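Trainee: Below is one structure. I have some questions about it.
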Protein chains: 4
Amino acid sequence: MSDKPISVQEISQHNKDTDCWIVVDGNVWDITGFAPEHPGGPGIIYKYAGRDATKVYNDVHSPNIIKNNLPANCLKGRLDSSTVTEEWSRPLPNETPNAAPRSAEEKPPLDSIINAHDFEIAAKNSSTAKTWAFYSSASNDLITKDANASLYTQVYFRPRVMRRVEKITTNTNLFGHPLSFPLIISPAAMARLIHPDGELALGRAAKTRHIIQAISNNASYTASDIVSQEEVKDYPFIFQLYVDRQRHKSEALLKRINGHANIRGLMVTTDAAAAGKREADERVKADESIQNPMMTTKAKNDKKGGGYGRLMGNFIDPNLNWADVAWLRTQTDLPIMLKGIMSADDVKLALDHGLEGVVLSNHGGRNLDTSPPALLVLLEIHARFPHIIAEHHPNSPAVKAGLKRAFSILVDGGVRRGTDILKLVCLGAVAAGVGRPALFATGYGQQGVEQLIDILKDEFEVAMRNCGLTCIEDCGPEYVNTGAIDRLVVKSRAHPYAVSFTGPAREMKL
Amino acid sequence: MSDKPISVQEISQHNKDTDCWIVVDGNVWDITGFAPEHPGGPGIIYKYAGRDATKVYNDVHSPNIIKNNLPANCLKGRLDSSTVTEEWSRPLPNETPNAAPRSAEEKPPLDSIINAHDFEIAAKNSSTAKTWAFYSSASNDLITKDANASLYTQVYFRPRVMRRVEKITTNTNLFGHPLSFPLIISPAAMARLIHPDGELALGRAAKTRHIIQAISNNASYTASDIVSQEEVKDYPFIFQLYVDRQRHKSEALLKRINGHANIRGLMVTTDAAAAGKREADERVKADESIQNPMMTTKAKNDKKGGGYGRLMGNFIDPNLNWADVAWLRTQTDLPIMLKGIMSADDVKLALDHGLEGVVLSNHGGRNLDTSPPALLVLLEIHARFPHIIAEHHPNSPAVKAGLKRAFSILVDGGVRRGTDILKLVCLGAVAAGVGRPALFATGYGQQGVEQLIDILKDEFEVAMRNCGLTCIEDCGPEYVNTGAIDRLVVKSRAHPYAVSFTGPAREMKL
Amino acid sequence: MSDKPISVQEISQHNKDTDCWIVVDGNVWDITGFAPEHPGGPGIIYKYAGRDATKVYNDVHSPNIIKNNLPANCLKGRLDSSTVTEEWSRPLPNETPNAAPRSAEEKPPLDSIINAHDFEIAAKNSSTAKTWAFYSSASNDLITKDANASLYTQVYFRPRVMRRVEKITTNTNLFGHPLSFPLIISPAAMARLIHPDGELALGRAAKTRHIIQAISNNASYTASDIVSQEEVKDYPFIFQLYVDRQRHKSEALLKRINGHANIRGLMVTTDAAAAGKREADERVKADESIQNPMMTTKAKNDKKGGGYGRLMGNFIDPNLNWADVAWLRTQTDLPIMLKGIMSADDVKLALDHGLEGVVLSNHGGRNLDTSPPALLVLLEIHARFPHIIAEHHPNSPAVKAGLKRAFSILVDGGVRRGTDILKLVCLGAVAAGVGRPALFATGYGQQGVEQLIDILKDEFEVAMRNCGLTCIEDCGPEYVNTGAIDRLVVKSRAHPYAVSFTGPAREMKL
Amino acid sequence: MSDKPISVQEISQHNKDTDCWIVVDGNVWDITGFAPEHPGGPGIIYKYAGRDATKVYNDVHSPNIIKNNLPANCLKGRLDSSTVTEEWSRPLPNETPNAAPRSAEEKPPLDSIINAHDFEIAAKNSSTAKTWAFYSSASNDLITKDANASLYTQVYFRPRVMRRVEKITTNTNLFGHPLSFPLIISPAAMARLIHPDGELALGRAAKTRHIIQAISNNASYTASDIVSQEEVKDYPFIFQLYVDRQRHKSEALLKRINGHANIRGLMVTTDAAAAGKREADERVKADESIQNPMMTTKAKNDKKGGGYGRLMGNFIDPNLNWADVAWLRTQTDLPIMLKGIMSADDVKLALDHGLEGVVLSNHGGRNLDTSPPALLVLLEIHARFPHIIAEHHPNSPAVKAGLKRAFSILVDGGVRRGTDILKLVCLGAVAAGVGRPALFATGYGQQGVEQLIDILKDEFEVAMRNCGLTCIEDCGPEYVNTGAIDRLVVKSRAHPYAVSFTGPAREMKL
């Protein structure tokens, strides 16, 4: 690593997209080659071309990210602080508006927050417009994002009374790791945007509350940062992987993951073959590129939008396919779940390919608008492949008797209440995941996340008791009434009456 | 009872949660031990630690409550009024805002009120924020509370014309006690919050209008206060019981109830195994605890909310179960109904356990959000256990012929119109109950409640006449069209297509 | 008729409800005995006790009404105009507000009005609050009133193209009387409230546009006034009858009706056994009675409301029943339809009792809230008694061949567009009726009503052409898609799954 | 052509509807005979009687239109510019308001526009009230217009994951002409109202983006203007025809069309037998005629509205019928599709009459309100005539094997997203059409239209990838879940339960 002192005068000359240096924490980096691949888009880097980007970098990334991602020869030297001028240090004119919270309302005290919606409102008002756009946005017209949440409200319980429900237990487990109740933190990117502790806080809260954090491939902190914290020593985690177009990168990453004994499972995302069009996110992006006169070329995708999500997905391999399951097995001994499954057919394929489970998910509605809410897919499994749940649910008699192997179905998207979780568990989900709610709670750091989990667990317990349920093993579909949504559930491979016109069904592309 | 005069100086020193005296009606009570069990939460008591709580006590409770609930040795003496100082008597700073009505609009004259909605609006505008929150709140997202009312509007009548409907009778009876029409006042707590006469007024109005009041276990007045009023002498009442974790307390209470000849029935609430999360209520609570610096410990449930409802339910036994029916029979000879039944299975169990009836209810949506509206449960009974209504309805030929015993199904939740009542009666309910509307009408005292009942009866008569019905005995399901909600009705014990994965159905916990 | 001059001083002394004189057009009437029976309620009369009511009378009634309704000995004499004082003539303080239009917006020019909604908005803004309340109000929560209109919008056409539709004919007939298209003006009371010409204008417009007016029993003008106009000489009318509790009054009225050769049919209303609770109407009423200090007694129905509708219905016989069909036949030779039928069973009874037709109607939602929209009843006939339409529709082969007698089904309620009319005709209605829209159009006099009819006819023609239909005889159910509302249609006498508990079905009360 | 100079004094005298001259581009035209046939109504012409109409003419029409439409003897001479006075040249008082954009908001920069909705908002704010009314209006209550768009949002995808979707192709073709993806520009009238380039820009954008423009019969530019542009040389177009009441005019027009080698198909509109009642359009019209004192006669249709759409449709032959297919074949060798088909029966007739395809369309909801959205008709074909799609879809095995002839189904109405297009393609549509969105994008000229197409294509690609689809041939109904709308789909020729009363089905009128 070069220690050569470099003057502001020199740095300032490398201020174009074709020759771009930035300063981070006193180090001077030539970032020209990396900028176009920057998951957050090159625009934000070019804004700081020839300048000090320390503050904006630290708002988003952990200190190790830049060192891990740039080759050593990109480090040009150390900033010669004696050459710093007032002019050079002056904040960019549009930094302030971007940094300002969306609302002038004060962030409410944590004690006054009593449900997941409150956390969302607090985050909406206290985060910057850009962060809010990134967290809250979803694909196109938000049909799927909204349906994710609203479908739960259309399912009634069928509660039983006059049962001994003083002592109940919500304990369960995932791959043998105990959970205090059937909740995990779904992988979600860039938690540092809302709080400096970011994913570190999520991990610590998962530990104190005995649930499991699934770490995003795109977390602001590296998985190593998160799982190596003293506070979470030996506590189990799951890692979520986007398979890279350059497989060797994924292989290197998995080698690092394998090196952490407390990472106990892998979640491979399958629904991001194409990054969704998250329009709220793209609008913020668009404004920014307009304000950025330093870009000499126009981004190629200006006309079709170029939000965070789309750009961050550039490295994801759209050719990931069922044949890759074998390759994955050569890279890790961890149990593997596929995340982003949206059809019962693919659940069956996952089972048939020997995977340990799936996460029914539509990526929070962020990738394909009008993709089906996971609750509908869960019901489709019942309608079409009942053996998957009846014989492979970890609590099923066949699995308990050792006659069948366990296959775990997780669900995320739209989960906002303990009642939502109980409905999913009654229908055979091993656990529910919360993504955005956990991010929003991170705005209050570890304590906020703990409070969110406490709230959901309390709601879950109240719902169990008032349904007459005392343990997870007793939860079954006879406790929910899905009459309002049954017409939305797919019941057969073929469309119920539309005819095929594409000839004999093609082989799946492997 | 101690008459020892105690000075303000001494009282003032007992101003902590660990040592807490208050003055009520000139009596000085050591309330340290009771405060944590206070149904309304300890916070409100600690606010008055070392001070005179007469006014705030009388806003909520009848004079006898404190004497009945505290052991004699908690009475420390009489306030020495000569020692009272201006400083000591000064109202607490936050008393005024709490006491102010929510709206500046004047309470409209009673004559201008023409339906149940008007009473609700009047109550909303004229009660304090805290009272309104307690009365109006329901669980979580109010899905069930709203559905309770809206489902009725989706059921059409099938009216018949050209019938002699000048002379009709709406008379019916409950357990042999005549009702002028099929309405009861559902048990609802704390009516004194809205009017000093509270449940006393409800009882008197029930008498003059010939319907039946079901007295809440948590009424602001004791059942004795209510049924012993001269104005209601010999008039029948029903008492609603929450079974206490400490059974001897329930036994003592039932002994008192048995002592009142005009209490003619018992309604045992079964749906409050866990108190619901009534968020509007909890928000008021939360604000208050913030303003209260006298609490040395933080309430344990701060993070998961601690509203009135939740706190008031602390004493309720979550282990109440079907085996307790036998115990209840040893405590009273009154006919017993189970209240809060939300599934046809439990209706059948109630019949099979020899009970006299049930109240289909979800506690006004206050306990478990997305629990089913009672109308759906009533329809489920038809679909699954038709004999319960066909053979056990008090007006059925089998019961009239003495071949079967009568089993009465009552319904509450969301009833706002006489048309709602007629629909329920046509579907086999013996009577409908109104809870919140009666509380809201209590804001105008006895006269308000009478007017509410008059309005509902008039609406009921108009609906009967315009449906071509002349007496309750003729009301049957052929007069209602439930096509809009039939898909929401449960038709079988098992989910219609979701498979069981929990092994052979477990025995019910008894 | 007495011509005795009477001084203002004398008249002024008869200013109590127990002794009440009023002056109308210079005549002094003792109205004490009639006031309690006044269809518009006694309150409005008592306000003018001892005073000159000419203006307010003429706003509502035709000159002949008072003479027809009061015995001759109630005419006390003529106002001695020389005794009139300024004080006596001064308008009542609350006359002005009541008389002011609801909105300050100018009534738009007739040319700018292009649909039925426009007429409604114009009427809403330009009529007095009281008139608007009377016209627009409906029962309780307006569920039925709103559904009447909204159900039509859920029915899709199944249009056919490539047909010769230049020359089409919309001609049809009712009881042999030609209609330029299948529309009638439904009977609606008190058209003079909105325009001095009132029902006179409706009749003249019906004539020029070749449709039929059904004259309300409660029209502001007498049927004689209307049908005897020179402009409508020999043009056919229908008269709508409320059967009076005092049958001799109905007999006298029918005798007068029989005397008009151009009244060609009778519509007997059956759905007004009990007057509905029209709350908007009652609220206006309530305000007025508060302002009226001259009433010495309080109206008995103050607490349950006492709107126009309810009061005007006092004379209607709630005991009208199927046996009365025979009595009706003895009173007139006119073809008779029953109006207000809301079930297929009653349609069948009407056919079986030999009547000439029915009007499926729920009184514009004014009498029983959540009674079914007529469109659902029309579909119920198809589902349950297909022969009624297949064999008795005037255009059916059986009727045309003389094998079956014709039975005409009319429909009203919520009809606002020509497309609504075409849907009804396709489903077997002989004609649709418009009530409120015609009243609203009357605000512009005869020309307004003509324009409304022109608009509806034009919309009807456009819809016919674009459906590929060229004449009424070709309109059939294969041109409409009712899939969105089929679940709301009753398919059997019994409820589809709810069981009977009332014993063997009772005989109909006759 | 006359070159005679004519003075302003003389021109000014021809200022009545009975004698009406106008000046356009310096030429003086006697337009008296043509004005009543003016597709845009005579009112706008009479406003300029005796004056210079150059500006308002050019806002709407191409220079050639007036010469093509008026006989040579109507050209009276050239304006003698030396006689022009300030008074004569002064703009009409109401020109400014009409010309002003509806909103003061600036038209947003094209780069900030990221979806079709944005183009609509931009057009709404930047176009004149009259243009907006014409473009945006639809029939009656907009039920069909709104349902067109909203039905797509109720269809869920059934996405498959883990497929190789890096390389996908969206290529397809229409009648053998390649399309970069399954989109066409639906014919829409008067694009010049929003931009001077009008349909010229649409054609150029279609070329650069490799989709096909269907040119409206009522385009502001002639088809010749459009297809002869140098930029679109040899590029294929489709021409949309309204068959004229005067068939010889259509024959002449088709002869001109046949003369352009790059017009490769004909779309004959069948759903405009009667022009719909587009009320927003009519209201603008109505206002204008009020302000126009120069009309000596009142337009005959004042009372039933006289909007653009209605007037422009006057020449369309309402007698077009299936027998005319043979006549059409004699006039052109182009493949012919029928546009505006709204029932599966008519699709079958089109196939049976040997046509090359249909456009399922309800004219954007502009002609018959509550006509069915095309998506429902597409599903009806599957339910009723499965062979049409299974055996005649251009990609079907039978067509590819040469066993059946191809029959192409296109769909338009409400298409706003690439996901909408993919759903249609999965259900058998060869392509989707966009009408209004393309007009709105034309506000930005050719570049705007290109951007719209780019956006839709990008959305389409994202949807394909995220559904696991790599080429159009693989798209089938097993990728969509229509459970939410299946109840709306017609399943049989007869109504499912309503009975026929019109006798034996009549022969179709030919």
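Each chain in the structure tokens gets a letter, A, B, ..., in the order shown, and its residues are numbered from 1; ligands are numbered from 1 in order too.
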Can you list, as a list in words, every protein, DNA or RNA residue that comes within 9 Å of Gln240 of chain C when you count only C-alpha atoms, leaving out same-chain residues fewer than 6 positions away?
Mentor: Ser186, Pro187, Ala214, Ile215, Ser216, Asn217, Asn218, Gly265, Leu266, Met267, Val268, Thr269 and Lys339 of chain C
Trainee: Write out as JSON lines a residue-level contact list of chain A versus chain D with cut-off 7 Å: for each qualifying residue the closest pair of atoms and the distance in Å to one decimal, counting only C-alpha atoms, rows sorted by chain and residue number upward.
Mentor:
```
{"residue": "A:Ile143", "atom": "CA", "partner": "D:Thr153", "partner_atom": "CA", "distance": 6.9}
{"residue": "A:Thr270", "atom": "CA", "partner": "D:Val161", "partner_atom": "CA", "distance": 5.9}
{"residue": "A:Asp271", "atom": "CA", "partner": "D:Val161", "partner_atom": "CA", "distance": 6.2}
{"residue": "A:Ala273", "atom": "CA", "partner": "D:Asn466", "partner_atom": "CA", "distance": 5.9}
{"residue": "A:Ala274", "atom": "CA", "partner": "D:Val462", "partner_atom": "CA", "distance": 5.5}
{"residue": "A:Gly276", "atom": "CA", "partner": "D:Val462", "partner_atom": "CA", "distance": 6.8}
{"residue": "A:Ala286", "atom": "CA", "partner": "D:Ser112", "partner_atom": "CA", "distance": 6.4}
{"residue": "A:Asp302", "atom": "CA", "partner": "D:Asp111", "partner_atom": "CA", "distance": 6.9}
{"residue": "A:Lys303", "atom": "CA", "partner": "D:Asp111", "partner_atom": "CA", "distance": 6.2}
{"residue": "A:Lys304", "atom": "CA", "partner": "D:Ile455", "partner_atom": "CA", "distance": 5.5}
{"residue": "A:Gly305", "atom": "CA", "partner": "D:Ile114", "partner_atom": "CA", "distance": 6.3}
{"residue": "A:Pro318", "atom": "CA", "partner": "D:Glu166", "partner_atom": "CA", "distance": 4.9}
{"residue": "A:Asn319", "atom": "CA", "partner": "D:Arg164", "partner_atom": "CA", "distance": 3.9}
{"residue": "A:Leu320", "atom": "CA", "partner": "D:Met162", "partner_atom": "CA", "distance": 5.5}
{"residue": "A:Asn321", "atom": "CA", "partner": "D:Met162", "partner_atom": "CA", "distance": 3.9}
{"residue": "A:Trp322", "atom": "CA", "partner": "D:Met162", "partner_atom": "CA", "distance": 5.7}
{"residue": "A:Ile341", "atom": "CA", "partner": "D:Val161", "partner_atom": "CA", "distance": 6.8}
{"residue": "A:Met342", "atom": "CA", "partner": "D:Pro159", "partner_atom": "CA", "distance": 5.9}
{"residue": "A:Ser343", "atom": "CA", "partner": "D:Arg158", "partner_atom": "CA", "distance": 6.1}
{"residue": "A:Asp346", "atom": "CA", "partner": "D:Arg160", "partner_atom": "CA", "distance": 6.7}
{"residue": "A:Leu368", "atom": "CA", "partner": "D:Ala463", "partner_atom": "CA", "distance": 6.2}
{"residue": "A:Thr370", "atom": "CA", "partner": "D:Tyr156", "partner_atom": "CA", "distance": 5.0}
{"residue": "A:Ser371", "atom": "CA", "partner": "D:Phe157", "partner_atom": "CA", "distance": 5.0}
{"residue": "A:Pro372", "atom": "CA", "partner": "D:Tyr156", "partner_atom": "CA", "distance": 5.7}
{"residue": "A:Arg487", "atom": "CA", "partner": "D:Gly483", "partner_atom": "CA", "distance": 5.5}
{"residue": "A:Leu488", "atom": "CA", "partner": "D:Gly483", "partner_atom": "CA", "distance": 4.8}
{"residue": "A:Val490", "atom": "CA", "partner": "D:Asn481", "partner_atom": "CA", "distance": 6.7}
{"residue": "A:Arg493", "atom": "CA", "partner": "D:Glu478", "partner_atom": "CA", "distance": 6.6}
{"residue": "A:Ala494", "atom": "CA", "partner": "D:Glu478", "partner_atom": "CA", "distance": 5.1}
{"residue": "A:His495", "atom": "CA", "partner": "D:Glu478", "partner_atom": "CA", "distance": 5.1}
{"residue": "A:Tyr497", "atom": "CA", "partner": "D:Ala383", "partner_atom": "CA", "distance": 5.9}
{"residue": "A:Ala498", "atom": "CA", "partner": "D:His382", "partner_atom": "CA", "distance": 4.8}
{"residue": "A:Val499", "atom": "CA", "partner": "D:His382", "partner_atom": "CA", "distance": 6.0}
{"residue": "A:Ser500", "atom": "CA", "partner": "D:Ala390", "partner_atom": "CA", "distance": 6.0}
{"residue": "A:Phe501", "atom": "CA", "partner": "D:Ala390", "partner_atom": "CA", "distance": 4.4}
{"residue": "A:Thr502", "atom": "CA", "partner": "D:Ser396", "partner_atom": "CA", "distance": 5.5}
{"residue": "A:Gly503", "atom": "CA", "partner": "D:Pro397", "partner_atom": "CA", "distance": 5.5}
{"residue": "A:Lys509", "atom": "CA", "partner": "D:Arg163", "partner_atom": "CA", "distance": 5.7}
{"residue": "A:Leu510", "atom": "CA", "partner": "D:Arg163", "partner_atom": "CA", "distance": 6.4}
```
Trainee: Restricting it to C-alpha atoms, dump the selection as a PDB file, in the first residue's frame.
Mentor:
```pdb
ATOM      1  CA  ILE A 143     -49.230  -3.929  -7.414  1.00  0.00           C
ATOM      2  CA  THR A 270     -33.037 -16.797  -7.976  1.00  0.00           C
ATOM      3  CA  ASP A 271     -35.504 -14.023  -8.763  1.00  0.00           C
ATOM      4  CA  ALA A 273     -32.339 -12.480 -13.356  1.00  0.00           C
ATOM      5  CA  ALA A 274     -33.315  -8.981 -14.387  1.00  0.00           C
ATOM      6  CA  GLY A 276     -36.777  -4.637 -11.518  1.00  0.00           C
ATOM      7  CA  ALA A 286     -32.456  10.854 -12.450  1.00  0.00           C
ATOM      8  CA  ASP A 302     -30.765   7.047 -19.058  1.00  0.00           C
ATOM      9  CA  LYS A 303     -33.949   6.497 -20.970  1.00  0.00           C
ATOM     10  CA  LYS A 304     -34.912   3.282 -19.343  1.00  0.00           C
ATOM     11  CA  GLY A 305     -33.955   4.401 -15.896  1.00  0.00           C
ATOM     12  CA  PRO A 318     -28.930 -14.230 -15.370  1.00  0.00           C
ATOM     13  CA  ASN A 319     -27.884 -17.676 -16.496  1.00  0.00           C
ATOM     14  CA  LEU A 320     -28.069 -19.273 -13.085  1.00  0.00           C
ATOM     15  CA  ASN A 321     -29.990 -22.502 -13.621  1.00  0.00           C
ATOM     16  CA  TRP A 322     -30.809 -25.855 -12.134  1.00  0.00           C
ATOM     17  CA  ILE A 341     -39.368 -18.967  -5.790  1.00  0.00           C
ATOM     18  CA  MET A 342     -42.748 -17.901  -7.170  1.00  0.00           C
ATOM     19  CA  SER A 343     -44.341 -21.110  -8.396  1.00  0.00           C
ATOM     20  CA  ASP A 346     -40.084 -24.535  -8.891  1.00  0.00           C
ATOM     21  CA  LEU A 368     -41.442  -8.130 -11.320  1.00  0.00           C
ATOM     22  CA  THR A 370     -47.753  -8.472 -10.663  1.00  0.00           C
ATOM     23  CA  SER A 371     -45.607 -11.437  -9.643  1.00  0.00           C
ATOM     24  CA  PRO A 372     -47.647 -13.409  -7.100  1.00  0.00           C
ATOM     25  CA  ARG A 487     -59.908 -17.885  -6.425  1.00  0.00           C
ATOM     26  CA  LEU A 488     -56.425 -16.389  -6.824  1.00  0.00           C
ATOM     27  CA  VAL A 490     -53.282 -21.632  -9.112  1.00  0.00           C
ATOM     28  CA  ARG A 493     -49.912 -26.567 -14.255  1.00  0.00           C
ATOM     29  CA  ALA A 494     -51.953 -25.605 -17.281  1.00  0.00           C
ATOM     30  CA  HIS A 495     -54.119 -22.528 -17.293  1.00  0.00           C
ATOM     31  CA  TYR A 497     -59.096 -23.030 -19.657  1.00  0.00           C
ATOM     32  CA  ALA A 498     -56.758 -21.105 -21.909  1.00  0.00           C
ATOM     33  CA  VAL A 499     -55.314 -23.448 -24.505  1.00  0.00           C
ATOM     34  CA  SER A 500     -51.707 -24.058 -25.386  1.00  0.00           C
ATOM     35  CA  PHE A 501     -50.586 -22.801 -28.790  1.00  0.00           C
ATOM     36  CA  THR A 502     -46.852 -23.186 -28.388  1.00  0.00           C
ATOM     37  CA  GLY A 503     -46.636 -26.824 -29.297  1.00  0.00           C
ATOM     38  CA  LYS A 509     -33.463 -24.776 -20.169  1.00  0.00           C
ATOM     39  CA  LEU A 510     -30.671 -26.160 -18.024  1.00  0.00           C
TER      40      LEU A 510
END
```
Trainee: Mind giving me the straight-line distance from atom CA of Thr131 of chain B to atom CA of Tyr57 of chain B in Å, one decimal?
Mentor: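 The value is 14.0 Å.
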Trainee: Just want the 8 Å neighbourhood of Arg366 of chain B, counted on only C-alpha atoms, with same-chain residues fewer than 4 positions away dropped. Output as a ChimeraX atom specification.
Mentor: /B:137-139,145,276-278,362
Trainee: Filtering to all heavy atoms, could you give me those residues as an mmCIF file, in the first residue's frame?
Mentor:
```
data_model
loop_
_atom_site.group_PDB
_atom_site.id
_atom_site.type_symbol
_atom_site.label_atom_id
_atom_site.label_comp_id
_atom_site.auth_asym_id
_atom_site.auth_seq_id
_atom_site.Cartn_x
_atom_site.Cartn_y
_atom_site.Cartn_z
ATOM 1 N N SER B 137 -61.191 1.770 20.427
ATOM 2 C CA SER B 137 -60.056 1.012 19.909
ATOM 3 C C SER B 137 -60.406 -0.452 19.702
ATOM 4 O O SER B 137 -61.342 -0.988 20.288
ATOM 5 C CB SER B 137 -58.876 1.124 20.874
ATOM 6 O OG SER B 137 -59.185 0.501 22.100
ATOM 7 N N ALA B 138 -59.645 -1.060 18.811
ATOM 8 C CA ALA B 138 -59.765 -2.498 18.589
ATOM 9 C C ALA B 138 -58.386 -3.004 18.217
ATOM 10 O O ALA B 138 -57.418 -2.236 18.140
ATOM 11 C CB ALA B 138 -60.785 -2.802 17.509
ATOM 12 N N SER B 139 -58.299 -4.279 17.972
ATOM 13 C CA SER B 139 -57.001 -4.905 17.836
ATOM 14 C C SER B 139 -56.301 -4.539 16.525
ATOM 15 O O SER B 139 -56.920 -4.502 15.456
ATOM 16 C CB SER B 139 -57.191 -6.418 17.927
ATOM 17 O OG SER B 139 -55.977 -7.084 17.802
ATOM 18 N N LYS B 145 -62.762 -5.351 13.346
ATOM 19 C CA LYS B 145 -63.751 -4.363 13.793
ATOM 20 C C LYS B 145 -64.528 -3.807 12.602
ATOM 21 O O LYS B 145 -65.752 -3.715 12.634
ATOM 22 C CB LYS B 145 -63.057 -3.215 14.534
ATOM 23 C CG LYS B 145 -64.052 -2.253 15.168
ATOM 24 C CD LYS B 145 -63.414 -0.928 15.529
ATOM 25 C CE LYS B 145 -64.490 0.064 15.920
ATOM 26 N NZ LYS B 145 -64.005 1.451 15.868
ATOM 27 N N GLY B 276 -56.044 -8.352 23.645
ATOM 28 C CA GLY B 276 -55.648 -7.864 22.335
ATOM 29 C C GLY B 276 -54.811 -6.609 22.432
ATOM 30 O O GLY B 276 -54.716 -5.958 23.476
ATOM 31 N N LYS B 277 -54.215 -6.271 21.315
ATOM 32 C CA LYS B 277 -53.366 -5.094 21.236
ATOM 33 C C LYS B 277 -54.191 -3.965 20.635
ATOM 34 O O LYS B 277 -54.318 -3.847 19.422
ATOM 35 C CB LYS B 277 -52.186 -5.429 20.339
ATOM 36 C CG LYS B 277 -51.069 -4.419 20.388
ATOM 37 C CD LYS B 277 -49.957 -4.881 19.468
ATOM 38 C CE LYS B 277 -48.907 -3.803 19.308
ATOM 39 N NZ LYS B 277 -48.043 -4.088 18.170
ATOM 40 N N ARG B 278 -54.757 -3.166 21.514
ATOM 41 C CA ARG B 278 -55.633 -2.078 21.050
ATOM 42 C C ARG B 278 -54.794 -0.828 20.954
ATOM 43 O O ARG B 278 -54.554 -0.133 21.935
ATOM 44 C CB ARG B 278 -56.789 -1.925 22.037
ATOM 45 C CG ARG B 278 -57.554 -3.241 22.141
ATOM 46 C CD ARG B 278 -58.487 -3.283 23.307
ATOM 47 N NE ARG B 278 -58.889 -4.668 23.533
ATOM 48 C CZ ARG B 278 -59.574 -5.084 24.588
ATOM 49 N NH1 ARG B 278 -59.964 -4.218 25.498
ATOM 50 N NH2 ARG B 278 -59.880 -6.362 24.719
ATOM 51 N N ASN B 362 -66.492 -11.605 18.594
ATOM 52 C CA ASN B 362 -65.035 -11.506 18.590
ATOM 53 C C ASN B 362 -64.587 -10.344 19.464
ATOM 54 O O ASN B 362 -63.556 -9.740 19.221
ATOM 55 C CB ASN B 362 -64.488 -11.407 17.163
ATOM 56 C CG ASN B 362 -65.174 -10.329 16.374
ATOM 57 O OD1 ASN B 362 -65.515 -9.274 16.920
ATOM 58 N ND2 ASN B 362 -65.393 -10.560 15.094
#
```
Trainee: Among segment 287-445 of chain A, which ones does DSSP place in alpha helix (DSSP H), written as a VMD selection string?
Mentor: chain A and resid 287 to 291 308 to 312 324 to 331 344 to 352 374 to 384 386 to 392 397 to 400 418 to 426 436 to 442 445
Trainee: Which residue, B:Ile238, B:Val425, B:Val60, B:Ile45, has the smallest gap to Phe175 of chain B when you use only C-alpha atoms?
Mentor: B:Ile238
Trainee: Using only C-alpha atoms, which residues sit within 9 Å of Tyr48 of chain A once same-chain residues fewer than 2 positions away are excluded, as a list in words?
Mentor: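 Non-adjacent residues within range: Asn15, Cys20, Trp21, Ile22, Val23, Ile44, Ile45, Tyr46, Gly50, Arg51, Asp52, Ala53 and Leu92 of chain A.
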